[in-house]
Structure formats: structure tokens, C-alpha cells
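A.B. asks: To be precise about what I am sending: the file is called input29.txt and holds compact mmCIF, C-alpha atoms.
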# COMPACT_ATOMS: atom_id res chain seq x y z
CA MET A 25 -22.46 229.40 -34.36
CA GLN A 26 -24.89 226.75 -35.50
CA PHE A 27 -22.18 224.45 -36.80
CA ILE A 28 -20.35 224.56 -33.47
CA LEU A 29 -23.41 223.98 -31.32
CA LYS A 30 -24.99 221.24 -33.41
CA PRO A 31 -22.33 218.55 -32.93
CA ILE A 32 -22.14 219.39 -29.25
CA VAL A 33 -25.88 218.92 -28.79
CA LYS A 34 -25.85 215.81 -30.96
CA ASN A 35 -22.99 214.14 -29.08
CA GLY A 36 -23.96 215.58 -25.72
CA LEU A 37 -24.30 212.23 -24.02
CA PHE A 38 -20.89 211.09 -25.19
CA LEU A 39 -19.27 214.34 -24.05
CA PHE A 40 -20.97 214.00 -20.67
CA TYR A 41 -19.62 210.46 -20.44
CA VAL A 42 -16.11 211.66 -21.26
CA LEU A 43 -16.36 214.43 -18.67
CA LEU A 44 -17.41 212.05 -15.91
CA SER A 45 -14.72 209.57 -16.97
CA ILE A 46 -12.10 212.28 -16.62
CA ILE A 47 -13.33 212.96 -13.09
CA ALA A 48 -13.05 209.24 -12.31
CA PHE A 49 -9.50 209.15 -13.74
CA VAL A 50 -8.53 212.15 -11.65
CA PHE A 51 -9.84 210.44 -8.51
CA THR A 52 -7.92 207.26 -9.34
CA PHE A 53 -4.56 208.78 -10.11
CA ARG A 54 -4.66 211.38 -7.40
CA GLN A 55 -5.15 208.58 -4.91
CA LYS A 56 -2.13 206.74 -6.21
CA VAL A 57 0.22 209.74 -6.28
CA TYR A 58 -0.74 211.99 -3.41
CA HIS A 59 -1.47 209.79 -0.47
CA LYS A 60 -1.93 212.75 1.78
CA SER A 61 -4.75 214.39 -0.14
CA VAL A 62 -7.70 215.60 1.85
CA LEU A 63 -10.17 213.32 0.11
CA ASP A 64 -8.17 210.24 1.04
CA LYS A 65 -7.97 211.25 4.65
CA THR A 66 -11.73 211.59 4.89
CA SER A 67 -12.07 208.34 3.00
CA THR A 68 -9.76 206.57 5.45
CA GLN A 69 -11.65 208.09 8.31
CA ILE A 70 -15.07 207.01 7.01
CA SER A 71 -14.06 203.50 6.01
CA GLY A 72 -11.94 203.12 9.15
CA TYR A 73 -14.89 203.97 11.35
CA VAL A 74 -17.23 201.58 9.56
CA ASP A 75 -14.65 198.79 9.43
CA GLU A 76 -13.96 199.06 13.13
CA LYS A 77 -17.67 198.66 13.92
CA VAL A 78 -17.90 195.60 11.67
CA SER A 79 -14.71 194.15 13.12
CA ASN A 80 -15.99 194.62 16.65
CA ALA A 81 -19.08 192.66 15.78
CA THR A 82 -17.30 189.77 14.08
CA GLN A 83 -14.18 189.26 16.20
CA PHE A 84 -15.89 186.93 18.69
CA VAL A 85 -16.15 184.28 16.03
CA HIS A 86 -12.38 184.01 15.83
CA LEU A 87 -11.61 184.12 19.56
CA GLN A 88 -10.65 180.47 19.88
CA VAL A 89 -8.16 180.45 17.03
CA ASP A 90 -6.70 183.75 18.21
CA ASN A 91 -6.18 182.38 21.71
CA GLN A 92 -4.38 179.39 20.30
CA GLU A 93 -2.11 181.63 18.25
CA LEU A 94 -1.31 183.81 21.27
CA GLN A 95 -0.44 180.71 23.28
CA ASN A 96 1.94 179.60 20.56
CA ALA A 97 3.56 183.02 20.36
CA ASN A 98 3.97 183.07 24.13
CA ALA A 99 5.61 179.67 24.13
CA GLU A 100 8.05 180.77 21.43
CA LEU A 101 8.99 183.90 23.38
CA ARG A 102 9.46 181.98 26.59
CA LYS A 103 11.78 179.54 24.83
CA GLU A 104 13.82 182.45 23.57
CA ILE A 105 14.06 184.03 27.01
CA GLU A 106 15.31 180.77 28.51
CA LYS A 107 17.90 180.47 25.78
CA LEU A 108 19.15 184.01 26.36
CA LYS A 109 19.24 183.45 30.11
CA GLY A 110 21.42 180.42 29.54
CA GLU A 111 23.78 182.36 27.33
CA ILE A 112 24.14 185.17 29.88
CA SER A 113 24.86 182.77 32.75
CA GLU A 114 27.42 180.91 30.64
CA SER A 115 29.33 184.03 29.72
CA ASP A 116 31.69 185.45 32.30
CA SER A 117 29.50 188.28 33.47
CA ILE A 118 31.57 189.25 36.53
CA GLN A 119 34.68 190.23 34.65
CA THR A 120 32.88 191.93 31.77
CA PRO A 121 29.86 193.69 33.18
CA ILE A 122 26.96 194.11 30.77
CA SER A 123 27.09 197.70 29.62
CA ASN A 124 23.97 199.70 29.02
CA LEU A 125 25.28 200.96 25.73
CA GLU A 126 25.50 197.49 24.29
CA PHE A 127 22.11 196.32 25.41
CA HIS A 128 19.90 199.33 24.87
CA GLN A 129 16.59 198.93 23.21
CA THR A 130 16.26 199.79 19.53
CA TYR A 131 12.78 198.69 18.62
CA ARG A 132 9.43 199.18 20.26
CA PHE A 133 6.26 197.41 19.13
CA ILE A 134 2.70 198.73 19.10
CA PRO A 135 0.06 195.99 18.99
CA VAL A 136 -2.69 196.77 16.51
CA GLN A 137 -5.79 195.11 15.19
CA VAL A 138 -6.42 194.69 11.47
CA ILE A 139 -9.87 196.06 10.74
CA ASN A 140 -9.90 195.92 6.97
CA ASN A 141 -7.88 193.77 4.66
CA SER A 142 -7.90 192.56 1.08
CA VAL A 143 -5.86 190.01 -0.81
CA MET A 144 -7.56 190.01 -4.18
CA LYS A 145 -6.58 193.34 -5.69
CA SER A 146 -3.25 194.01 -7.30
CA HIS A 147 -2.52 196.86 -4.89
CA ASN A 148 -3.76 195.56 -1.57
CA MET A 149 -4.05 197.85 1.44
CA ILE A 150 -4.77 197.12 5.10
CA THR A 151 -6.47 199.37 7.66
CA ILE A 152 -5.33 199.19 11.29
CA ASN A 153 -7.09 200.60 14.32
CA LYS A 154 -4.36 202.93 15.61
CA GLY A 155 -3.04 206.14 14.15
CA SER A 156 -0.93 209.20 14.70
CA ARG A 157 -2.34 209.74 18.18
CA GLN A 158 -0.78 206.43 19.30
CA GLY A 159 2.54 207.37 17.72
CA ILE A 160 2.25 205.67 14.33
CA GLN A 161 3.97 207.52 11.51
CA LYS A 162 4.22 207.15 7.77
CA GLY A 163 6.92 204.68 6.70
CA MET A 164 6.95 202.45 9.75
CA GLY A 165 7.08 198.70 9.25
CA VAL A 166 4.29 196.35 10.31
CA ILE A 167 4.96 192.74 11.32
CA SER A 168 3.02 189.79 12.71
CA PRO A 169 4.28 186.73 14.61
CA SER A 170 4.74 184.92 11.31
CA GLY A 171 5.90 187.47 8.80
CA VAL A 172 6.16 190.97 7.42
CA ILE A 173 2.80 192.62 6.81
CA GLY A 174 3.83 195.85 5.12
CA PHE A 175 4.58 199.52 5.62
CA VAL A 176 2.39 202.36 6.90
CA SER A 177 1.45 204.56 3.97
CA GLN A 178 -0.78 207.15 5.58
CA THR A 179 -2.22 207.95 8.98
CA THR A 180 -5.18 209.80 10.39
CA GLU A 181 -5.74 210.51 14.05
CA ASN A 182 -7.06 207.06 14.98
CA TYR A 183 -6.45 204.87 11.93
CA ALA A 184 -3.65 204.07 9.56
CA ARG A 185 -3.40 202.54 6.10
CA VAL A 186 -0.76 199.93 5.54
CA MET A 187 0.68 199.04 2.14
CA SER A 188 0.47 195.25 2.32
CA THR A 189 3.28 192.90 1.26
CA LEU A 190 0.71 191.78 -1.31
CA ASN A 191 0.95 195.12 -3.11
CA MET A 192 2.81 195.28 -6.37
CA ASN A 193 4.58 198.48 -5.25
CA THR A 194 5.95 197.06 -2.01
CA LYS A 195 9.61 196.02 -1.93
CA ILE A 196 11.20 194.36 1.10
CA THR A 197 14.91 193.64 1.41
CA ALA A 198 15.39 190.07 2.54
CA GLN A 199 18.20 187.58 2.91
CA ILE A 200 18.69 183.84 2.70
CA LYS A 201 19.15 182.58 6.23
CA ASN A 202 21.95 180.09 5.44
CA ASN A 203 24.39 182.29 3.53
CA GLN A 204 23.22 185.86 4.17
CA PHE A 205 22.87 186.81 0.51
CA PHE A 206 20.28 189.52 0.17
CA GLY A 207 17.69 190.34 -2.46
CA THR A 208 14.31 192.02 -2.89
CA VAL A 209 10.95 190.47 -2.12
CA SER A 210 8.03 191.70 -4.21
CA TRP A 211 4.68 190.39 -5.37
CA ASP A 212 3.58 189.78 -8.96
CA GLY A 213 -0.11 190.22 -8.24
CA LYS A 214 -1.17 186.68 -9.10
CA ASP A 215 -1.53 184.43 -6.07
CA PRO A 216 -1.82 185.78 -2.49
CA ARG A 217 -0.05 182.73 -1.08
CA TYR A 218 3.25 183.26 -2.92
CA VAL A 219 5.72 186.14 -3.31
CA GLN A 220 8.86 186.46 -5.44
CA LEU A 221 12.48 187.00 -4.41
CA SER A 222 14.72 188.58 -7.04
CA GLU A 223 18.23 190.03 -7.42
CA ILE A 224 19.92 186.86 -6.20
CA PRO A 225 22.81 185.96 -8.54
CA LYS A 226 22.54 182.59 -10.25
CA TYR A 227 25.70 181.05 -8.79
CA ILE A 228 24.13 180.99 -5.33
CA GLU A 229 23.00 177.53 -4.41
CA ILE A 230 19.46 177.46 -3.18
CA SER A 231 17.26 174.52 -2.40
CA LYS A 232 13.59 173.99 -1.75
CA GLY A 233 12.59 174.74 1.83
CA ASP A 234 15.31 177.32 2.57
CA THR A 235 14.20 180.06 4.95
CA ILE A 236 14.05 183.66 3.77
CA GLU A 237 14.10 186.34 6.48
CA THR A 238 14.39 190.12 6.77
CA ASP A 239 17.91 191.52 6.97
CA GLY A 240 17.21 194.58 9.11
CA LYS A 241 19.16 196.98 6.91
CA SER A 242 16.21 199.23 6.20
CA GLY A 243 15.78 200.23 9.83
CA MET A 244 12.02 199.90 9.46
CA ILE A 245 11.85 196.21 10.30
CA PRO A 246 14.21 194.34 12.65
CA GLY A 247 16.34 191.59 11.13
CA GLY A 248 15.66 187.88 11.42
CA ILE A 249 11.91 187.89 10.93
CA MET A 250 10.87 185.00 8.76
CA ILE A 251 9.04 185.84 5.52
CA GLY A 252 8.64 182.43 3.95
CA THR A 253 10.28 179.37 2.49
CA VAL A 254 11.62 178.69 -1.00
CA LEU A 255 9.17 176.83 -3.21
CA ASP A 256 11.16 176.68 -6.44
CA SER A 257 13.71 178.75 -8.35
CA GLU A 258 14.68 179.25 -11.98
CA VAL A 259 17.21 181.37 -13.86
CA ASP A 260 15.79 184.44 -15.56
CA GLU A 261 17.00 184.38 -19.19
CA ILE A 262 17.07 188.17 -19.50
CA THR A 263 18.71 189.38 -16.30
CA GLY A 264 20.73 186.29 -15.46
CA GLU A 265 19.46 186.32 -11.91
CA LEU A 266 17.45 183.77 -10.03
CA ASN A 267 13.69 184.10 -9.90
CA ILE A 268 12.67 182.50 -6.65
CA GLN A 269 9.10 181.64 -5.70
CA LEU A 270 8.45 181.93 -1.97
CA LYS A 271 5.63 180.44 0.03
CA LEU A 272 4.48 182.96 2.65
CA LYS A 273 4.36 181.80 6.23
CA GLU A 274 1.63 184.29 7.08
CA ASP A 275 -1.84 183.62 5.72
CA PHE A 276 -2.88 187.11 4.69
CA ALA A 277 -6.49 186.18 4.12
CA ARG A 278 -7.07 185.56 7.82
CA LEU A 279 -4.82 188.24 9.27
CA ARG A 280 -6.29 189.95 12.33
CA TYR A 281 -3.49 191.06 14.66
CA ALA A 282 -0.20 192.77 13.89
CA GLN A 283 2.50 194.92 15.45
CA VAL A 284 3.80 198.26 14.23
CA VAL A 285 7.58 198.59 14.56
CA VAL A 286 8.84 201.86 16.03
CA ASN A 287 12.57 202.33 15.56
CA LEU A 288 13.70 204.48 18.48
CA GLU A 289 16.89 205.43 16.68
CA ASN A 290 15.29 206.25 13.37
CA LYS A 291 15.91 209.98 13.80
CA GLU A 292 19.56 209.44 14.53
CA ILE A 293 20.03 207.08 11.57
CA ARG A 294 18.39 209.55 9.25
CA GLU A 295 20.52 212.41 10.53
CA VAL A 296 23.70 210.48 9.97
CA GLU A 297 22.64 209.49 6.46
CA LYS A 298 21.60 213.03 5.63
CA SER A 299 24.89 214.55 6.75
CA ASP A 300 26.66 212.00 4.62
CA SER A 301 24.87 213.00 1.45
CA ILE A 302 25.21 216.75 1.98
CA LYS A 303 28.83 217.02 3.12
CA ASN A 304 30.41 214.48 0.83
CA TYR A 305 28.65 215.19 -2.40
CA VAL A 306 27.64 218.83 -2.41
CA LYS A 307 30.86 220.23 -0.96
CA PRO A 308 33.81 218.49 -2.56
CA MET B 197 -42.42 213.49 -10.30
CA LEU B 198 -38.85 213.62 -11.57
CA ASN B 199 -37.54 214.87 -8.24
CA LEU B 200 -39.31 212.14 -6.30
CA ARG B 201 -37.94 209.53 -8.65
CA LEU B 202 -34.43 210.97 -8.35
CA PHE B 203 -34.71 210.93 -4.58
CA VAL B 204 -35.80 207.28 -4.57
CA ASN B 205 -32.96 206.38 -6.93
CA ILE B 206 -30.40 208.05 -4.69
CA LEU B 207 -31.80 206.15 -1.70
CA VAL B 208 -31.50 202.90 -3.65
CA ILE B 209 -27.91 203.79 -4.55
CA ILE B 210 -27.04 204.43 -0.89
CA CYS B 211 -28.55 201.08 0.09
CA LEU B 212 -26.67 199.26 -2.68
CA VAL B 213 -23.36 200.90 -1.75
CA LEU B 214 -23.79 199.95 1.90
CA LEU B 215 -24.82 196.41 0.98
CA GLN B 216 -21.87 196.03 -1.37
CA SER B 217 -19.23 197.41 0.97
CA LEU B 218 -20.46 195.92 4.23
CA VAL B 219 -21.57 192.49 3.09
CA PHE B 220 -20.52 191.48 -0.39
CA ASN B 221 -16.98 192.89 -0.39
CA ARG B 222 -16.23 190.54 2.46
CA ILE B 223 -17.25 187.46 0.53
CA SER B 224 -14.23 186.09 -1.29
CA PHE B 225 -14.68 182.64 -2.70
CA ASN B 226 -11.26 180.94 -2.78
CA HIS B 227 -9.55 184.39 -2.64
CA VAL B 228 -10.51 184.94 -6.25
CA ALA B 229 -14.18 185.70 -6.73
CA THR B 230 -16.11 188.58 -5.19
CA PRO B 231 -19.62 189.44 -6.36
CA PHE B 232 -20.19 193.07 -7.34
CA ILE B 233 -23.93 193.11 -6.93
CA TYR B 234 -24.36 196.87 -7.32
CA VAL B 235 -24.42 196.51 -11.12
CA ILE B 236 -28.03 195.31 -10.74
CA PHE B 237 -29.06 198.97 -10.57
CA ILE B 238 -27.51 199.67 -13.96
CA LEU B 239 -28.92 196.48 -15.47
CA ILE B 240 -32.56 197.14 -14.60
CA TYR B 241 -32.69 200.93 -14.96
CA PRO B 242 -35.45 201.70 -17.50
CA VAL B 243 -34.14 202.63 -20.94
CA GLN B 244 -36.63 205.38 -21.69
CA ARG B 245 -35.61 207.69 -18.87
CA ASN B 246 -33.21 210.61 -19.10
CA ARG B 247 -29.73 209.35 -19.99
CA TYR B 248 -27.83 212.28 -18.45
CA ILE B 249 -29.34 211.65 -15.03
CA PHE B 250 -28.67 207.94 -15.53
CA LEU B 251 -24.96 208.53 -16.18
CA MET B 252 -24.79 210.81 -13.17
CA LEU B 253 -26.39 208.09 -11.00
CA CYS B 254 -23.98 205.45 -12.36
CA PHE B 255 -21.08 207.68 -11.44
CA LEU B 256 -22.43 208.27 -7.92
CA LEU B 257 -22.98 204.54 -7.44
CA GLY B 258 -19.47 203.59 -8.50
CA TRP B 259 -17.89 206.42 -6.57
CA GLY B 260 -19.74 205.41 -3.42
CA VAL B 261 -18.28 201.91 -3.66
CA ASP B 262 -14.84 203.44 -4.31
CA LEU B 263 -15.12 205.57 -1.21
CA PHE B 264 -15.58 202.55 1.02
CA ASP B 265 -13.11 200.41 -0.87
CA ASP B 266 -10.36 203.09 -1.09
CA THR B 267 -9.86 202.49 -4.78
CA GLY B 268 -10.02 206.07 -6.10
CA GLY B 269 -12.32 205.99 -9.12
CA ILE B 270 -12.12 202.61 -10.80
CA HIS B 271 -15.62 201.43 -9.86
CA ALA B 272 -16.97 204.82 -10.95
CA PHE B 273 -15.31 204.50 -14.36
CA ALA B 274 -16.42 200.90 -14.89
CA SER B 275 -20.06 201.51 -13.99
CA LEU B 276 -20.08 204.75 -16.00
CA THR B 277 -18.90 202.87 -19.06
CA ILE B 278 -21.54 200.14 -18.91
CA GLY B 279 -24.13 202.84 -18.21
CA PHE B 280 -23.07 204.55 -21.41
CA LEU B 281 -23.00 201.31 -23.38
CA SER B 282 -26.31 199.93 -22.12
CA ARG B 283 -28.55 201.58 -24.72
CA PRO B 284 -26.48 200.57 -27.79
CA LEU B 285 -26.24 197.07 -26.37
CA ILE B 286 -30.00 196.83 -25.89
CA ARG B 287 -30.52 198.10 -29.43
CA THR B 288 -28.16 195.46 -30.81
CA ILE B 289 -29.54 192.59 -28.78
CA SER B 290 -33.23 193.38 -29.29
CA GLY B 291 -32.72 193.27 -33.06
CA ILE B 292 -35.47 195.81 -33.74
CA LYS B 293 -34.79 197.74 -36.92
CA ASN B 294 -36.37 201.04 -35.96
CA PHE B 295 -35.39 201.07 -32.34
CA GLU B 296 -37.16 203.74 -30.30
CA PRO B 297 -35.97 203.93 -26.70
CA GLU B 298 -39.20 205.64 -25.60
CA GLU B 299 -41.24 202.66 -26.78
CA PHE B 300 -38.96 199.95 -25.41
CA ARG B 301 -39.73 198.06 -22.19
CA PHE B 302 -37.61 195.33 -20.70
CA TYR B 303 -40.40 192.78 -20.94
CA ASP B 304 -40.01 192.95 -24.70
CA PHE B 305 -36.88 190.90 -24.14
CA ASN B 306 -37.24 187.14 -24.05
CA VAL B 307 -35.22 185.04 -21.60
CA GLY B 308 -32.37 184.36 -24.02
CA GLN B 309 -31.95 188.03 -24.85
CA TRP B 310 -31.96 188.88 -21.15
CA ILE B 311 -29.21 186.38 -20.43
CA VAL B 312 -27.04 187.67 -23.28
CA PHE B 313 -27.60 191.25 -22.14
CA THR B 314 -26.71 190.64 -18.48
CA ILE B 315 -23.66 188.52 -19.33
CA ALA B 316 -22.34 191.15 -21.73
CA MET B 317 -22.86 194.02 -19.29
CA VAL B 318 -21.38 192.26 -16.27
CA PHE B 319 -18.44 190.97 -18.26
CA ILE B 320 -17.57 194.41 -19.66
CA HIS B 321 -17.89 195.96 -16.21
CA HIS B 322 -15.62 193.44 -14.50
CA PHE B 323 -13.08 193.46 -17.28
CA ILE B 324 -12.73 197.26 -17.14
CA LEU B 325 -12.56 197.10 -13.36
CA PHE B 326 -9.69 194.61 -13.19
CA ALA B 327 -7.79 195.91 -16.21
CA PHE B 328 -7.94 199.46 -14.90
CA GLU B 329 -6.94 198.30 -11.44
CA SER B 330 -3.71 196.63 -12.53
CA LEU B 331 -3.09 199.31 -15.22
CA SER B 332 -1.24 196.93 -17.52
CA PHE B 333 -1.89 193.90 -19.65
CA SER B 334 1.23 192.05 -18.53
CA ASN B 335 -0.89 189.80 -16.36
CA PHE B 336 -3.59 189.40 -18.99
CA LYS B 337 -4.33 185.78 -18.17
CA GLY B 338 -4.84 186.63 -14.51
CA ILE B 339 -7.15 189.52 -15.36
CA MET B 340 -9.27 187.33 -17.64
CA LEU B 341 -9.47 184.55 -15.05
CA ARG B 342 -10.59 186.92 -12.34
CA THR B 343 -13.08 188.52 -14.72
CA PHE B 344 -14.58 185.11 -15.52
CA TYR B 345 -14.83 183.99 -11.90
CA CYS B 346 -16.21 187.25 -10.55
CA SER B 347 -18.67 187.60 -13.45
CA ALA B 348 -20.03 184.14 -12.80
CA PHE B 349 -20.42 184.95 -9.12
CA THR B 350 -22.08 188.30 -9.76
CA LEU B 351 -24.44 186.78 -12.34
CA ILE B 352 -25.58 184.15 -9.85
CA PHE B 353 -26.63 186.92 -7.47
CA VAL B 354 -28.20 188.97 -10.26
CA TYR B 355 -30.36 186.02 -11.37
CA PHE B 356 -31.28 185.25 -7.78
CA TYR B 357 -32.54 188.78 -7.42
CA LEU B 358 -34.36 188.84 -10.75
CA ILE B 359 -36.06 185.50 -10.23
CA LEU B 360 -37.03 186.06 -6.62
CA PHE B 361 -37.98 189.71 -6.37
CA ARG B 362 -39.04 190.96 -9.79
CA LYS B 363 -42.51 190.36 -11.11
CA ARG B 364 -42.74 188.45 -14.33
CA THR B 365 -44.02 191.43 -16.28
CA GLU B 366 -41.21 193.69 -15.17
CA ARG B 367 -38.49 191.27 -16.01
Now, as a test, write the supplied structure out as C-alpha cells.
C.D. replies:
Amino acid sequence: MQFILKPIVKNGLFLFYVLLSIIAFVFTFRQKVYHKSVLDKTSTQISGYVDEKVSNATQFVHLQVDNQELQNANAELRKEIEKLKGEISESDSIQTPISNLEFHQTYRFIPVQVINNSVMKSHNMITINKGSRQGIQKGMGVISPSGVIGFVSQTTENYARVMSTLNMNTKITAQIKNNQFFGTVSWDGKDPRYVQLSEIPKYIEISKGDTIETDGKSGMIPGGIMIGTVLDSEVDEITGELNIQLKLKEDFARLRYAQVVVNLENKEIREVEKSDSIKNYVKP
Amino acid sequence: MLNLRLFVNILVIICLVLLQSLVFNRISFNHVATPFIYVIFILIYPVQRNRYIFLMLCFLLGWGVDLFDDTGGIHAFASLTIGFLSRPLIRTISGIKNFEPEEFRFYDFNVGQWIVFTIAMVFIHHFILFAFESLSFSNFKGIMLRTFYCSAFTLIFVYFYLILFRKRTER
């Protein structure tokens, strides 16, 4: 018995250290795998509450800049409305009446405030001040007037956590505005001002300053929302695809307002995709 | 006596966690450097006291920061590790042949030894923090750069605190 107990007593401190380290590891990896765990929900609730208080206190400082940004967004929207009005009046609306089926609404937007944000980690997350009570669900896209912010990863009653675009696990399908070729936007974790576009074949011509926008195929984010502009591109020697460096339009470090995208037809889309997979592949 | 001391330590930890998460996490110099001032607690904790309680306190401190930062357990692991390494480091740096932790006080250190000790501790802490956060060494250059910048920033605050608020004899 002595020879078992002696080393344990002698190395007690080290064993204690290992034990506590294991607990820390468990905390870390459980957070990354099971987003819905109880501990995380309380954690989101606590930090959400504190962050909202802090945000309430500090938002007055930014009021002027925010007003300016709202004005700009308003002007943009008004321009778009005028353009659409013109198009409708030009088309022969008497002979072909506008049908409800063609012009029904697909997306709804919930305005939210960003109450906690980071750009310096490799897996950045954002907290927003609305949650499941306001109709926000896991998986919804989040956008701002000048870009894609990310996807909702978990919700509590009044808060939600958003996986930022500046998170190495986030992948966004995007297309080149000129020729509609699509690829994947991801982040390499180095500089919060730039993201990377991959999976574009090397015979595509691309030049500096080209606009990259969302393609709307995912159903989480409507198409045509600008992500950024091409900074430079080079051919990857291993995969033979282009590695394109994008400059983000949105400045994530001073992000304060965003909109959560609710796809009103999401249920229907999912149903149709589900039936596809079951009927065609399970039953031959 | 022990219970009172433990209670005071836990209060200090709560204050440090709140200070770190409410004030210092929001400072980001050039989007790269954030000071992690809570390591001060681990740096100036007396060597002669019970090590098991010390490790436990380190864990609580790191975990508290994790809770506010939503990072799982990476701060807990990093502060635990420097807590565990602090006594061997002190033994190495002090250069005393028959090192007895019960006899050692921090004012036995001269200024140079103090600087080496703090730099080593803060650097190890930050390196573990960032390496563990990205969970790979593919971006090794980035990790090292961030470690350097953040360490420098943290050390500035640590020295501010030590010079301003600690008495000469305690330092």
C-alpha cells in the first residue's frame, strides 16, 4: 500500500494540476461541440445581461455617427424605391396585372443591436439583444447595411449568440457580381479587415476592385448583399484554384446595429428538400 | 485565519474578473493587443502559502474570465499552468541553491529578477492562451505576434500597478 500512496502524495500538486486542467479542457471542448448545453445558456444569459447594461451606458457616444449611417441607408433605400417605381410604370401593367404570387414577400428583417462583439479571437462571436421570444431561431442569417455579419448559433429568451463572419468555422456562399461564378467565403484568422474567397477555378478572370456579393442559394441570407471587394488573387499551387483576398466593406470593430433575416418560406424549402432525400435515395 | 484569507482572496478574484471583463476586454489597441491584467493576482501571490488552494484560486480566476468572455476554459487552463509553474520559475530565477519556499519573500528579488520573472510568466500565459484558442500551429507567426503585443500591453499595466500601489518592501 505504501508504494502506491507514496508517489501520489509526493506528486500530489502535479496530479491536482492535471485534474483541474482536465476540467478546463472539458469546459472548452463542450462549449465548442454542444452549443445548447445548460452551462452555455446561463453563460449567455449572464454575459448578455451585463453587456446590455454596458451597451446602454456607452451608446450615446456613438449617436452622431449612427445617425449619419441611418441617413445614408435611408437615402439608398429611397433611391431603390424610385427606381422600382419607374420600372413598374414603364412596364405594361394594365395588360399583365401584377399577381400576388409573383410579388409575395420572402424575407422579413428584425432590427437588433449588437451588445458584445470581438474581432481579435480566432473564433469570434457576437451577442445581440433579441432572442427566441422575438422570433429568432438557430441558423438564421444576420446582415448589416454593408455586409454579412454571420449566423445565429444559439438563442436564449432575450439574447442570441451570432457566429461572426470573422470566425474560422463560418462559411458563406458568395458570387462574383460580374459573371455569377460562386465560391466560399471564409476567414483565416489573421486580419479582421480581410476575408478569403476560395473554390473559384483559375480560368476565371478576376481583377482588383470586383464586387463579391451573396448568392442567396442558402436561403438564410437574401442574394445581392455586398460582402467586399477583391484586393488581390493568386493561384493555389496545391488545389489549382484561385485564392482571393477580399477587403470587407463592413468594419466589424465598430459594428453596433444589424438585422436578423427571417426567411418566411424556410419551412417549405426544408420540407421540399427533405422529401427529395427520403423518396429518391431510400426507396429506389 | 485561513478562512478569512481565503474569503479576501475570493473577493479579490471577483473584483479582478469584473475589472477584466467590463473594462480591459474592451480595450483593443489596433485590433491586436488586449491587456489581461488579471494575471497580477498570480504574479504577486505569496510563494509560501498552500499551493493546492493557490491552484484552486487560479482556476476560479481564469474560469470567471471565461464565463464573461464565452471562451469555455482557455483562460482557466492558461492561468492554472502559470500558477503551477510559478514556484519552479521562482526557484530558477532566484538562483538560491537550497531553495526553501517557506523562507522566501518576494522582496528577496532584485529589480532585474522581478522583470525576468514577470516577463516569463506573462509570456507563457499569453502563449498558452492564444495557442489553445486557435488549436493549431498553422498560424504560428500570428500567434507569436499576438503574444508579443498582448504581453507588452499587459506588462505595462502590471508595472503600473506594482510601481504605484505596492510598497517598496512588498515588491
A.B. asks: Can you tell me, as a list in words, what residues are no more than 9 Å from Phe319 in chain B when counting only C-alpha atoms, ignoring any on the same chain fewer than 4 positions away?
C.D. replies: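 Here the answer would be Thr314, Ile315, Phe323, Ile324, Thr343, Phe344, Cys346, Ser347 and Ala348 of chain B.
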A.B. asks: Residues of chain B that approach chain A to 9 Å or less, counting all atoms listed in the file: could you list each one with the shortest pair of atoms and its distance in Å to one decimal, rows by chain and increasing residue number, as CSV?
C.D. replies:
residue,atom,partner,partner_atom,distance
B:Leu218,CA,A:Val78,CA,7.9
B:Arg222,CA,A:Ser142,CA,8.7
B:Ser224,CA,A:Met144,CA,8.3
B:His227,CA,A:Met144,CA,6.2
B:Val228,CA,A:Met144,CA,6.2
B:Ala229,CA,A:Met144,CA,8.3
B:Thr230,CA,A:Met144,CA,8.7
B:Arg247,CA,A:Leu37,CA,7.3
B:Tyr248,CA,A:Leu37,CA,6.6
B:Leu251,CA,A:Tyr41,CA,7.1
B:Met252,CA,A:Leu44,CA,8.0
B:Phe255,CA,A:Leu44,CA,7.2
B:Trp259,CA,A:Ala48,CA,8.0
B:Leu263,CA,A:Ser67,CA,5.9
B:Phe264,CA,A:Ser71,CA,5.3
B:Asp265,CA,A:Ser71,CA,7.6
B:Asp266,CA,A:Ser67,CA,6.9
B:Thr267,CA,A:Thr52,CA,6.9
B:Gly268,CA,A:Thr52,CA,4.0
B:Gly269,CA,A:Thr52,CA,4.6
B:Ile270,CA,A:Thr52,CA,6.4
B:His271,CA,A:Ala48,CA,8.6
B:Ala272,CA,A:Ala48,CA,6.1
B:Phe273,CA,A:Ala48,CA,5.6
B:Leu276,CA,A:Tyr41,CA,7.2
B:Thr277,CA,A:Tyr41,CA,7.7
B:Phe280,CA,A:Tyr41,CA,6.9
B:Phe326,CA,A:Lys145,CA,8.2
B:Glu329,CA,A:Ser146,CA,7.0
B:Ser330,CA,A:Ser146,CA,5.9
B:Asn335,CA,A:Lys214,CA,7.9
B:Gly338,CA,A:Lys214,CA,6.5
A.B. asks: Residues at most 8 Å from range 286-294 of chain A, counting all atoms listed in the file, excluding those fewer than 2 positions away in the same chain, as a PyMOL selection string?
C.D. replies: chain A and resi 129-134+160+164-165+243-244+284+296-298
A.B. asks: Which distance in Å separates CA of Gln83 in chain A and CA of Asn153 in chain A, to one decimal?
C.D. replies: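 Interatomic distance, CA of Gln83 in chain A to CA of Asn153 in chain A: 13.5 Å.
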A.B. asks: With only C-alpha atoms as the basis for distance, which of A:Gly233, A:Gly247, A:Pro225, A:Gly155 is at the shortest distance from Asn182 in chain A?
C.D. replies: A:Gly155
A.B. asks: Just give me the gap between CA of Ile249 in chain B and CA of Ser282 in chain B in Å, one decimal is fine.
C.D. replies: 14.0 Å
A.B. asks: So how many Å separate CA of Ser79 in chain A and CA of Val172 in chain A, to one decimal?
C.D. replies: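 Rounded to one decimal, the two atoms are 21.9 Å apart.
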A.B. asks: Which of these residues is nearest to Lys162 in chain A, using all atoms listed in the file: A:Leu108, A:Val285, A:Leu29, A:Met250?
C.D. replies: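 Checking each candidate against Lys162 in chain A, we get A:Val285 as the closest.
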A.B. asks: Could you check the closest approach to Pro169 in chain A for each of A:Ile32, A:Val209, A:Ile251, A:Leu43 and tell me which residue wins, using all atoms listed in the file?
C.D. replies: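 Among the listed residues, the smallest separation from Pro169 in chain A belongs to A:Ile251.
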A.B. asks: Please identify all polymer residues within 8 Å of range 234-238 of chain B, counting all atoms listed in the file, omitting same-chain residues fewer than 4 positions from it, and present them as an MDAnalysis selection string.
C.D. replies: chainID B and resid 209 212:213 216 254 257 275 278:279 318 354
A.B. asks: What lies within 9 Å of range 304-313 of chain B using all atoms listed in the file, ignoring chain neighbours under 5 positions off, as a PyMOL selection string?
C.D. replies: chain B and resi 239+282+285-286+289-290+318+367
A.B. asks: Find the residue from B:Leu325, B:Met340, B:Val219, B:Asn226 that sits nearest to Gly258 in chain B; use all atoms listed in the file when measuring.
C.D. replies: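 Between B:Leu325, B:Met340, B:Val219, B:Asn226, the residue approaching Gly258 in chain B most closely is B:Leu325.
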